[in-house]
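First the structure, in the form of structure tokens, and then the observations on it.
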Amino acid sequence: MSVFKPRDWGSHAPLIAPGYKSTLLRGPSRAPLAIKSGLTEGTGPRFAPASVRELDFDLTKNGITNGEPLGERIVVHGRVLDTDGRPQPDIVVEVWQANAAGRYVHKVDQHDAPLDPNFRGSGRCMTDANGNYMFYTIKPGAYPWGNHFNAWRPNHIHLSVFGPGFATRLVTQMYFPGDPLLDLDPIFLETKDAAARERLIAKFSIKKTEEGFALGYQFDIVLRGRNGTPMEN
Amino acid sequence: MAYGETPSQTVGPYFAYGLTAGQYGYDFSDIVNPTVAGPDADGEHIRITGTVFDGEGNRVNDAMIEIWQADANGVYSENPVDVADSGFRGLGRCGTGTDADNRFWFETIKPGVVEDAKTPFVNVIVFMRGMLVHAFTRFYFDDEAALNAKDDVLQSVPADRRDTLIAKRIQTPTGIEYRIDIHMQGNAETVFFDV
């Protein structure tokens, strides 16, 4: 029996999703071949706590050259869980995003919006024993892209996790509640299941909001659960 | 209580300063890079290289490939991945945006046969702008024809598509290299797995 439950394809977008034009030539045209997964999928990389350095979890500080980054300071809290609700400890969460003006540090981003000399926009953190993670950042801006006329990406933060096995690898994007661009964004909308789409939207949290400092958001990441009896206590 | 999976979203075109910073020259540390096995790792040291092609045969210059493999004894490492480790790490990640020909490459060792397989292979994930869900594939080795013929997973692939998974061994001035391209679509479309 495979270590992990099968992927729930209903929670994901199709491989070729016509609304998102780049998928037309880049998504596999044939259905993936189902195989019984084994050790290679059930095992996966682990990372030492030292992989996350002191300021890696604070994007408001880890790119400073001469002052504070511009924009709305936020703190993102979340848990990494599996579909059985089991918290996933010691998982590295890699994070990258645009700055408050909607511009990425990446060399090929040509959007005519300013770079911020005090914001790189990448970092990482690690879940604790209860699967909790948190990072500070600046709320990313919206930016135009070439998918269709007047196309704009909603505010989003990219997140990458391995989870407990190679099979549970997930790269996703966290969106913000109330963003009017969500209803127009094919990358978001190509996940056809509305309940699944909701899981991509962080929840504003006044409890996580830090008085006088940063607005709080909660974003949980749910990975495939294990088959059968858990292998660990 | 059951929870729904978080949907996958594309890695997009701008992952490099977050996920592959060292390779692309950004001022941020790496937790993984194209070196899967450092010089002190046991086993036959090899390089795996290839190109990713889209449905029109264009080289993809913004893909990211990850590999996970067993060591020379066929064992998956339980040690934390450490980019300072000169031995075996097991995990590699490479973007296709820095090589002049947009190749990916991995410095590694040829894996041993793991206990639930019959032949050596490398597990592979393909990410890129234009993929809303990453794709799993595998790299097998063309000099292992006899063992490949016994492997359940490889033999479950239709015979006329099996070659898309088999890397070709080449002796180069800088050592043994295995070459394998990834075709997202077309007649030579790589076999991807639902694992």
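By convention in this document, the chains of the structure tokens carry letters A, B, ... by their order, each chain's residues are numbered from 1, and ligands are numbered from 1 in the order they are shown.
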
Spatial neighbours of Val133 of chain B, max dist 10 Å, only C-alpha atoms, sep filter under 3 positions, as a list in words:
Trp9, His12, Ala13, Pro14, Leu15, Ile16, Gly27, Leu170, Val171 and Thr172 of chain A; Pro7, Ser8, Gln9, Thr10, Val11, Val126, Phe127, Met128, Gly130 and Phe136 of chain B

The selected residues should be written to file as a tab-separated table (two decimals), in the first residue's frame (atoms: C-alpha atoms).
chain	number	residue	atom	x	y	z
A	9	TRP	CA	-7.44	15.79	-8.10
A	12	HIS	CA	-6.51	20.97	-7.98
A	13	ALA	CA	-6.65	22.66	-11.35
A	14	PRO	CA	-6.48	20.63	-14.58
A	15	LEU	CA	-3.03	20.21	-16.16
A	16	ILE	CA	-4.21	22.09	-19.22
A	27	GLY	CA	0.88	21.21	-19.22
A	170	LEU	CA	3.30	21.27	-2.64
A	171	VAL	CA	3.87	24.68	-4.18
A	172	THR	CA	0.95	27.04	-3.77
B	7	PRO	CA	-4.70	23.34	-4.08
B	8	SER	CA	-1.42	23.47	-5.95
B	9	GLN	CA	-0.62	26.74	-7.73
B	10	THR	CA	2.05	27.51	-10.29
B	11	VAL	CA	5.60	28.24	-9.17
B	126	VAL	CA	8.92	19.30	-12.81
B	127	PHE	CA	7.68	22.80	-11.99
B	128	MET	CA	7.25	25.83	-14.24
B	130	GLY	CA	2.21	27.29	-17.00
B	136	PHE	CA	6.29	13.62	-11.21

Taking only C-alpha atoms into account and nothing else, which residues of chain A lie no more than 7 Å away from chain B? Please answer as a PyMOL selection string.
chain A and resi 6+11-13+15+22-23+25-29+32-40+45-48+51+83-85+95-96+106+122-123+167+170-173+196+199-200+221-224

For the atom pair atom CA of Tyr140 of chain B and atom CA of Ser160 of chain A, what is the interatomic distance in Å to one decimal place?
26.7 Å

Check segment 1-116 of chain B with DSSP on the backbone and list each residue it calls strand (DSSP E), as a ChimeraX atom specification.
/B:45-53,63-68,91-95,103-109

Go ahead and write the residues just picked, C-alpha atoms, as an mmCIF file, in the first residue's frame.
data_model
loop_
_atom_site.group_PDB
_atom_site.id
_atom_site.type_symbol
_atom_site.label_atom_id
_atom_site.label_comp_id
_atom_site.auth_asym_id
_atom_site.auth_seq_id
_atom_site.Cartn_x
_atom_site.Cartn_y
_atom_site.Cartn_z
ATOM 1 C CA HIS B 45 29.920 10.085 -9.455
ATOM 2 C CA ILE B 46 27.808 11.160 -12.389
ATOM 3 C CA ARG B 47 26.175 14.262 -13.796
ATOM 4 C CA ILE B 48 22.577 14.248 -15.024
ATOM 5 C CA THR B 49 21.678 16.907 -17.578
ATOM 6 C CA GLY B 50 18.790 17.679 -19.859
ATOM 7 C CA THR B 51 16.546 20.236 -21.446
ATOM 8 C CA VAL B 52 12.846 20.879 -20.922
ATOM 9 C CA PHE B 53 10.781 21.421 -24.080
ATOM 10 C CA ALA B 63 11.463 25.516 -15.269
ATOM 11 C CA MET B 64 12.611 24.154 -11.942
ATOM 12 C CA ILE B 65 13.518 20.488 -11.569
ATOM 13 C CA GLU B 66 13.895 18.637 -8.298
ATOM 14 C CA ILE B 67 15.276 15.140 -7.835
ATOM 15 C CA TRP B 68 15.202 12.771 -4.863
ATOM 16 C CA LEU B 91 17.905 15.988 -2.853
ATOM 17 C CA GLY B 92 18.684 18.364 -5.692
ATOM 18 C CA ARG B 93 17.028 21.415 -7.223
ATOM 19 C CA CYS B 94 18.014 23.221 -10.409
ATOM 20 C CA GLY B 95 16.416 25.983 -12.470
ATOM 21 C CA ARG B 103 19.755 22.861 -19.361
ATOM 22 C CA PHE B 104 19.214 21.549 -15.866
ATOM 23 C CA TRP B 105 22.070 19.620 -14.277
ATOM 24 C CA PHE B 106 22.707 17.629 -11.149
ATOM 25 C CA GLU B 107 26.002 16.530 -9.646
ATOM 26 C CA THR B 108 25.218 13.229 -8.014
ATOM 27 C CA ILE B 109 26.078 9.559 -7.751
#

Please indicate the distance in Å from atom CA of Tyr178 of chain B to atom CA of Asp151 of chain B, rounded to one decimal place.
19.5 Å

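With atom CA of Glu44 of chain B on one side and atom CA of Arg179 of chain B on the other, the separation reads 15.9 Å.
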
Residue nearest Pro177 of chain A - candidates A:Ala202, A:Leu189, A:Ile74, A:Leu159, atoms counted: only C-alpha atoms
A:Ala202

Based on DSSP run over this structure's backbone, return all residues of segment 29-81 of chain A in helix (DSSP H, G or I), as a PyMOL selection string.
chain A and resi 39-42+49-51

May I have the residues from that selection written out with C-alpha atoms, as a CSV table (one decimal), in the first residue's frame?
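The result, written out as part_13.csv:
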chain,number,residue,atom,x,y,z
A,39,LEU,CA,9.8,4.1,-0.7
A,40,THR,CA,10.8,6.8,-3.1
A,41,GLU,CA,7.5,8.7,-2.6
A,42,GLY,CA,7.1,7.7,1.0
A,49,PRO,CA,16.7,23.7,12.1
A,50,ALA,CA,19.9,25.5,11.0
A,51,SER,CA,18.5,25.7,7.5

Nearest candidate to Asp58 of chain A (options A:Gly44, A:Gly121, A:Gly216, A:Gly19; using only C-alpha atoms):
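The answer is A:Gly121, which sits nearest to Asp58 of chain A.
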
Hey, what's within 9 Å of Gln88 of chain A if we count only C-alpha atoms and toss same-chain stuff fewer than 2 positions away? As a tab-separated table (two decimals) with C-alpha atoms, in the first residue's frame, please?
chain	number	residue	atom	x	y	z
A	79	ARG	CA	-0.32	25.31	10.43
A	80	VAL	CA	0.90	22.59	8.13
A	81	LEU	CA	-1.53	19.66	8.50
A	82	ASP	CA	-2.44	16.56	6.61
A	86	ARG	CA	-2.36	15.67	11.87
A	90	ASP	CA	9.79	20.40	11.24
A	91	ILE	CA	8.55	21.29	7.75
A	127	THR	CA	6.99	24.43	11.57
A	128	ASP	CA	7.23	23.71	15.30
A	129	ALA	CA	6.25	20.48	17.03
A	130	ASN	CA	2.55	21.37	16.56
A	131	GLY	CA	2.91	22.19	12.89
A	132	ASN	CA	2.75	25.96	13.42
A	163	GLY	CA	5.93	17.85	3.69
A	164	PRO	CA	6.73	14.45	5.17
